[in-house]
Each structure stands twice: as structure tokens, then as C-alpha cells.
Amino acid sequence: MRDVMALVLAGGRMSDYGVLTQNRAKGALTFAGSYRVIDFALSNLVNADINQIGIIIQYLPASLIEHVGVGQPWDLNGYGRMLKIMPPFVGMEKTIWYKGTADAIYQNLNFVDDSKSQDVIILSGEHVYHLDYRAVLESHRTRNADVTIVSKELPEARLNARFGYIVPDESGRVRSYHEKPLTPPSGIVSTGIYVFKSDILAKELQFNSRESDHNLAKDILERRAGQLNCYEFRTQDHWEYLETVEDYFDAQFRLMGDGYFEPLRRWNIMTNLDFRGAGFAPPPYIGGQAVVENSMVSPGCRIEGQVINSILSPGVHVHAGAVVRDSILMHDCIVQGGALLVRVISDRDAVFGADCVIGDNTAETKSSVDPQFRPPLTLIGKGVQIAGGVRIPSGAEIRPGRVVANQEAANTEIAAPAVEMARAT
């Protein structure tokens with residue numbers, strides 16, 4: 001489509017992810033073994049033939065830039081197709097942080113002008129979802145909407161103050177929008193995906209640039225949705241809001257339970273497989289004494305111990321006698337003999353020494369008493385090395401690159417988890 005372009009907001013800082021986003025943006029996080037979170041946004045756009053895409057980034061962009069490159073894995077590198085990275089930029093002599101989502105888009109309006117697009121799609125690069133953007137655009141243009149908000153109806157149990165809410169009339173016109181209210185005014189939430197007429201977007205951003213706050217949802221949509229010709233497009237498809245690390249963990253296991261990530265093939269989710277040669281990795285090796293149950297084991301893995309209800313990225317090695325349960329291990333982690341990992345999310349290149357215990361090793365006992373019990377996730381940063389016999393309790397975090405040589409060192413590392421430090425700052 002030559003008359004529409006997309007701006008992907010993908011660079012926010014997320015303290016709730018602790019050590020996992022200490023050195024990367026959330027959109028660059030590994031998902032389902034070999035994918036990244038941002039793959040869903042890019043793939044949904046490309047599948048709808050939307051080939052003019054800008055990615056607005058701010059926080060620790062290196063990993064995200066390395067992954068998306070010039071967009072070649074999504075066929076975005078060629079005549080009439082473009083993926084552009086947009087870091088904060090003011091002029092030749094200085095740069096400045098974006099003040100908010102509205103300011104980030106405002107500073108990049110030249111990209112919208114250059115594209116000569118009739119409509120602009122604004123979306124997050126930090127959600128896991130499937131959406132037919134062709135249907136959204138058809139609805140938007142048929143109604144001659146100034147703004148279309150892609151919405152989702154959620155069950156009452158999932159409604160909370162994390163979402164933006166819309167109150168539509170029977171025709172789907174949005175009468176009011178409420179960003180993260182204490183009391184939900186409806187059961188219909190915004191997915192954070194919007195389609196604006198280009199000229200309307202420019203006018204609203206120009207006015208907002210004079211305001212003290214610069215949040216697109218709070219300061220533009222909440223104030224103006226009822227006055228503009230604003231409609232909802234209510235999706236019935238899959239959408240996951242990854243606000244917390246628990247959301248990130250649960251979203252992967254929900255999709256694994258649906259035909260072992262079959263939706264990702266059906267949705268045609270594309271990714272960059274050049275990273276660490278994942279596209280050329282051999283099939284996983286499963287040893288004769290190994291036990292693998294309800295797990296996703298990526299190419300290049302070597303499994304000689306037990307892997308139960310877990311997701312392993314390429315290159316993970318689980319030695320004989322080791323047990324990995326209810327966990328996510330990213331690329332090239334090593335779990336030595338006798339080690340036990342329960343409800344662990346580990347970044348790449350971590351080494352778990354023989355007979356160490358990471359997470360809550362009493363989970364099975366407690367679960368037999370209380371089926372709803374789930375110990376908190378234990379987060380391990382990139383390149384952490386944990387010596388044999390060390391015990392790391394559930395809910396702890398170990399910052400990237402740390403060498404935990406003994407139990408005393410472990411106690412010191414756990415004393416100031418990275419997520420608490422991030423929240424403090």
C-alpha cells in the first residue's frame with residue numbers, strides 16, 4: 001500500500017522486566033525460542049503490504065537495531081519498501097530524549113510528510129498479537145474516520161488500571177476515551193494500535209507540542225476522541241499486552257499450548273535468523289536417557305537431562321542429571337549435571353554449575369497442596385556464571401555478567417536486584 005505508512009514505538013524503558021531489559025529494549029527480547037517481540041508488529045504490517053515503516057527507539061537501541069537491520073528478513077529493503085530507525089534527534093549539534101509518545105511522533109513528522117501517506121498507523125512494538133491491517137484500514141476509510149482505535153473486549157477478571165478504555169456507541173463511534181482509569185468505564189480496551197489521517201495527526205501533534213505533557217493516549221486521545229470522528233475497530237484475534245515479566249512468561253506458554261506455537265506459522269511471523277547462526281543450526285540432540293515433556297527445544301540444543309514444560313532457545317545444553325522445569329532459557333545457556341531450575345527466565349550465555357538450585361525447589365510440594373500456587377520468577381542476566389552448589393531463591397535477580405562463585409557471593413548479589421535499582425531511578 002503506497003498511501004499508508006506505520007510508526008512503531010519500540011524504545012521504552014521497562015523497569016518491570018529487571019535484568020532482562022537492563023541492556024536492551026523490550027521489543028528486542030527473545031520470544032518463543034528464536035523470535036523477538038518486535039517481530040509481531042513488523043510481520044503483521046508486512047503481511048498487509050504496508051512497506052513504509054519507521055521504528056522510533058530511545059532506550060538501549062543497539063540490540064533492536066542489530067535485529068531489524070534494514071528490514072531484509074521482512075522484505076523491507078528494496079524499491080518502494082523501507083524500514084527506517086528513528087533515534088532521538090534534534091539537529092546537527094545536539095540530541096535530546098523524546099518527552100513522550102506524542103513528542104516522539106512529532107519529531108518524526110518529516111518521515112510522514114516524505115511518505116505522502118493518506119493515513120498513518122501508530123503501534124507498539126512490544127505486544128504479541130495477530131491483526132489484519134487491511135480490514136482495519138478498510139473500516140477506517142469506509143467510515144471516513146479521523147482516528148480509528150483498534151480495541152479488544154476483555155473478560156471482567158482481566159480489567160485493571162493498566163489499560164486505556166473506550167466507550168463506544170452502537171455504531172462503533174468512540175464517545176470517550178479513558179487512559180488508565182482507576183475504575184474501568186467499560187470492558188473494551190485499547191490495544192495501543194491507532195490509524196490517523198495524516199493531516200489530523202499533524203494538527204493534533206502541533207497543538208500538543210505546546211503542552212507540558214506529551215503522551216499520545218493521555219494528552220491527545222483522552223482529550224479529543226469524543227470531538228474527532230473517532231471509531232473503534234474491535235479485533236477478535238489474539239492480543240497479548242506484555243506489561244510485566246509475568247505477562248511475557250505466560251504469553252509464551254499460552255502460545256506453546258496452542259499446537260506448540262502453531263499460530264506463529266499460521267500468522268506468518270517472520271524473524272531474523274542470522275543471529276548466532278540460528279538459521280543454520282543443526283536439529284536438537286536428545287540423549288538416550290533424556291526426558292523432554294511438553295517443551296519447545298530449538299535447533300542446536302543438546303538435551304541429556306530433563307526438560308519439563310520449558311522453552312529453550314538455540315544452543316542450550318542441559319547436561320545429564322540436570323532438571324529444567326517451567327523455565328525459559330535463551331541462547332547458549334549451559335545447565336550442568338545435578339542442577340535444578342524452576343520458574344527461571346535466563347538471558348543468553350548463562351552457566352548454571354553442577355548441583356546448583358535456581359528458583360523454588362519446593363514448587364511441586366506446594367503445588368500439590370495449592371494448585372494455584374506459583375513461586376515468583378527468578379531472573380538471570382546475560383552471561384551470569386553460577387558456581388556448583390549455589391542456591392538462588394525464587395524471585396531473585398542476578399545482574400548481567402556477574403560471577404557467583406559461592407553462596408556468600410550469591411547472597412550479596414541477591415541483596416540489590418536490578419529491578420529494584422531500576423525502579424529507584
# chains A, B, ... in the order shown; residues from 1 in each chain; ligands from 1

call {"tool": "select_by_dssp", "arguments": {"residues": "range 128-192 of chain A", "states": "strand (DSSP E or B)", "output": "list in words"}}
result
Val128, Tyr129, Val147, Thr148, Ile149, Val150, Ser151, Lys152, Glu153, Gly164, Tyr165, Ile166, Val167, Pro168, Arg173, Val174, Arg175, Ser176, Tyr177, His178, Glu179, Ile188, Val189, Ser190, Thr191 and Gly192 of chain A

call {"tool": "residues_around", "arguments": {"residues": "Ile269 in chain A", "least_positions_apart": "5", "cutoff": "12 Å", "atoms": "only C-alpha atoms", "output": "list in words"}}
result
Phe31, Ala32, Ser34, Tyr35, Arg36, Val37, Ile38, Asp39, Phe40, Ala41, Leu42, Ser43, Asn44, Leu45, Val46, Asn47, Pro73, Trp74, Val128, Tyr129, His130, Leu131, Phe261, Glu262, Pro263 and Leu264 of chain A

call {"tool": "atom_distance", "arguments": {"atom1": "CA of Gln236 in chain A", "atom2": "CA of Lys152 in chain A"}}
result
7.0 Å

call {"tool": "residues_around", "arguments": {"residues": "range 157-163 of chain A", "least_positions_apart": "5", "cutoff": "9 Å", "atoms": "only C-alpha atoms", "output": "list of chain:residue names"}}
result
A:His178, A:Glu179, A:Lys180, A:Pro181, A:Leu182, A:Thr183, A:Pro184, A:Ser186, A:Gly187, A:Ile188, A:Val189, A:Ser190, A:Thr191, A:Glu243

call {"tool": "write_last_selection", "arguments": {"atoms": "N, CA and C atoms", "output": "PDB file, in the first residue's frame"}}
result
ATOM      1  N   HIS A 178     -10.532   6.813  27.928  1.00  0.00           N
ATOM      2  CA  HIS A 178     -10.037   6.991  29.299  1.00  0.00           C
ATOM      3  C   HIS A 178      -8.725   6.216  29.441  1.00  0.00           C
ATOM      4  N   GLU A 179      -7.656   6.929  29.667  1.00  0.00           N
ATOM      5  CA  GLU A 179      -6.335   6.303  29.776  1.00  0.00           C
ATOM      6  C   GLU A 179      -6.035   5.894  31.216  1.00  0.00           C
ATOM      7  N   LYS A 180      -5.937   4.598  31.433  1.00  0.00           N
ATOM      8  CA  LYS A 180      -5.562   4.001  32.719  1.00  0.00           C
ATOM      9  C   LYS A 180      -6.363   4.552  33.903  1.00  0.00           C
ATOM     10  N   PRO A 181      -7.686   4.481  33.817  1.00  0.00           N
ATOM     11  CA  PRO A 181      -8.503   4.969  34.941  1.00  0.00           C
ATOM     12  C   PRO A 181      -8.500   3.972  36.087  1.00  0.00           C
ATOM     13  N   LEU A 182      -8.745   4.442  37.294  1.00  0.00           N
ATOM     14  CA  LEU A 182      -8.803   3.555  38.451  1.00  0.00           C
ATOM     15  C   LEU A 182      -9.990   2.608  38.358  1.00  0.00           C
ATOM     16  N   THR A 183     -11.108   3.114  37.814  1.00  0.00           N
ATOM     17  CA  THR A 183     -12.307   2.285  37.641  1.00  0.00           C
ATOM     18  C   THR A 183     -12.616   2.176  36.152  1.00  0.00           C
ATOM     19  N   PRO A 184     -12.521   0.984  35.553  1.00  0.00           N
ATOM     20  CA  PRO A 184     -12.781   0.836  34.120  1.00  0.00           C
ATOM     21  C   PRO A 184     -14.206   1.262  33.761  1.00  0.00           C
ATOM     22  N   SER A 186     -15.701   0.619  30.945  1.00  0.00           N
ATOM     23  CA  SER A 186     -16.271  -0.375  30.037  1.00  0.00           C
ATOM     24  C   SER A 186     -15.365  -1.601  30.064  1.00  0.00           C
ATOM     25  N   GLY A 187     -15.716  -2.596  29.278  1.00  0.00           N
ATOM     26  CA  GLY A 187     -14.858  -3.778  29.161  1.00  0.00           C
ATOM     27  C   GLY A 187     -14.065  -3.779  27.877  1.00  0.00           C
ATOM     28  N   ILE A 188     -13.998  -2.627  27.202  1.00  0.00           N
ATOM     29  CA  ILE A 188     -13.352  -2.533  25.897  1.00  0.00           C
ATOM     30  C   ILE A 188     -12.074  -1.713  26.032  1.00  0.00           C
ATOM     31  N   VAL A 189     -10.941  -2.350  25.767  1.00  0.00           N
ATOM     32  CA  VAL A 189      -9.648  -1.690  25.961  1.00  0.00           C
ATOM     33  C   VAL A 189      -9.010  -1.351  24.621  1.00  0.00           C
ATOM     34  N   SER A 190      -8.160  -0.358  24.664  1.00  0.00           N
ATOM     35  CA  SER A 190      -7.345  -0.024  23.502  1.00  0.00           C
ATOM     36  C   SER A 190      -6.156  -0.972  23.431  1.00  0.00           C
ATOM     37  N   THR A 191      -5.843  -1.436  22.228  1.00  0.00           N
ATOM     38  CA  THR A 191      -4.660  -2.295  22.047  1.00  0.00           C
ATOM     39  C   THR A 191      -3.397  -1.480  21.832  1.00  0.00           C
ATOM     40  N   GLU A 243       2.996  -6.145  29.732  1.00  0.00           N
ATOM     41  CA  GLU A 243       3.448  -5.074  30.627  1.00  0.00           C
ATOM     42  C   GLU A 243       4.471  -5.574  31.636  1.00  0.00           C
TER      43      GLU A 243
END

call {"tool": "atom_distance", "arguments": {"atom1": "CA of Asn406 in chain A", "atom2": "CA of Phe352 in chain A"}}
result
12.2 Å

call {"tool": "closest_residue", "arguments": {"among": "A:Leu242, A:Leu64, A:Val167, A:Leu9", "to": "Gly100 in chain A", "atoms": "only C-alpha atoms"}}
result
A:Leu9

call {"tool": "residues_around", "arguments": {"residues": "Gln206 in chain A", "least_positions_apart": "3", "cutoff": "10 Å", "atoms": "only C-alpha atoms", "output": "compact mmCIF listing (two decimals) with C-alpha atoms, in the first residue's frame"}}
result
# COMPACT_ATOMS: atom_id res chain seq x y z
CA ALA A 102 3.37 12.27 21.16
CA ASP A 103 6.67 14.15 21.13
CA TYR A 106 6.02 14.91 16.38
CA LEU A 109 6.65 14.07 11.18
CA ILE A 200 -5.34 15.19 11.57
CA LEU A 201 -2.29 13.65 13.23
CA ALA A 202 -0.10 16.60 12.27
CA LYS A 203 -2.61 19.13 13.62
CA SER A 209 3.79 20.29 21.21
CA ARG A 210 2.90 23.45 23.13
CA GLU A 211 1.64 21.45 26.11

call {"tool": "residues_around", "arguments": {"residues": "Pro282 in chain A", "least_positions_apart": "2", "cutoff": "12 Å", "atoms": "only C-alpha atoms", "output": "list in words"}}
result
Gly277, Ala278, Gly279, Phe280, Pro284, Tyr285, Val297, Ser298, Pro299, Gly300, Cys301, Arg302, Pro314 and Gly315 of chain A
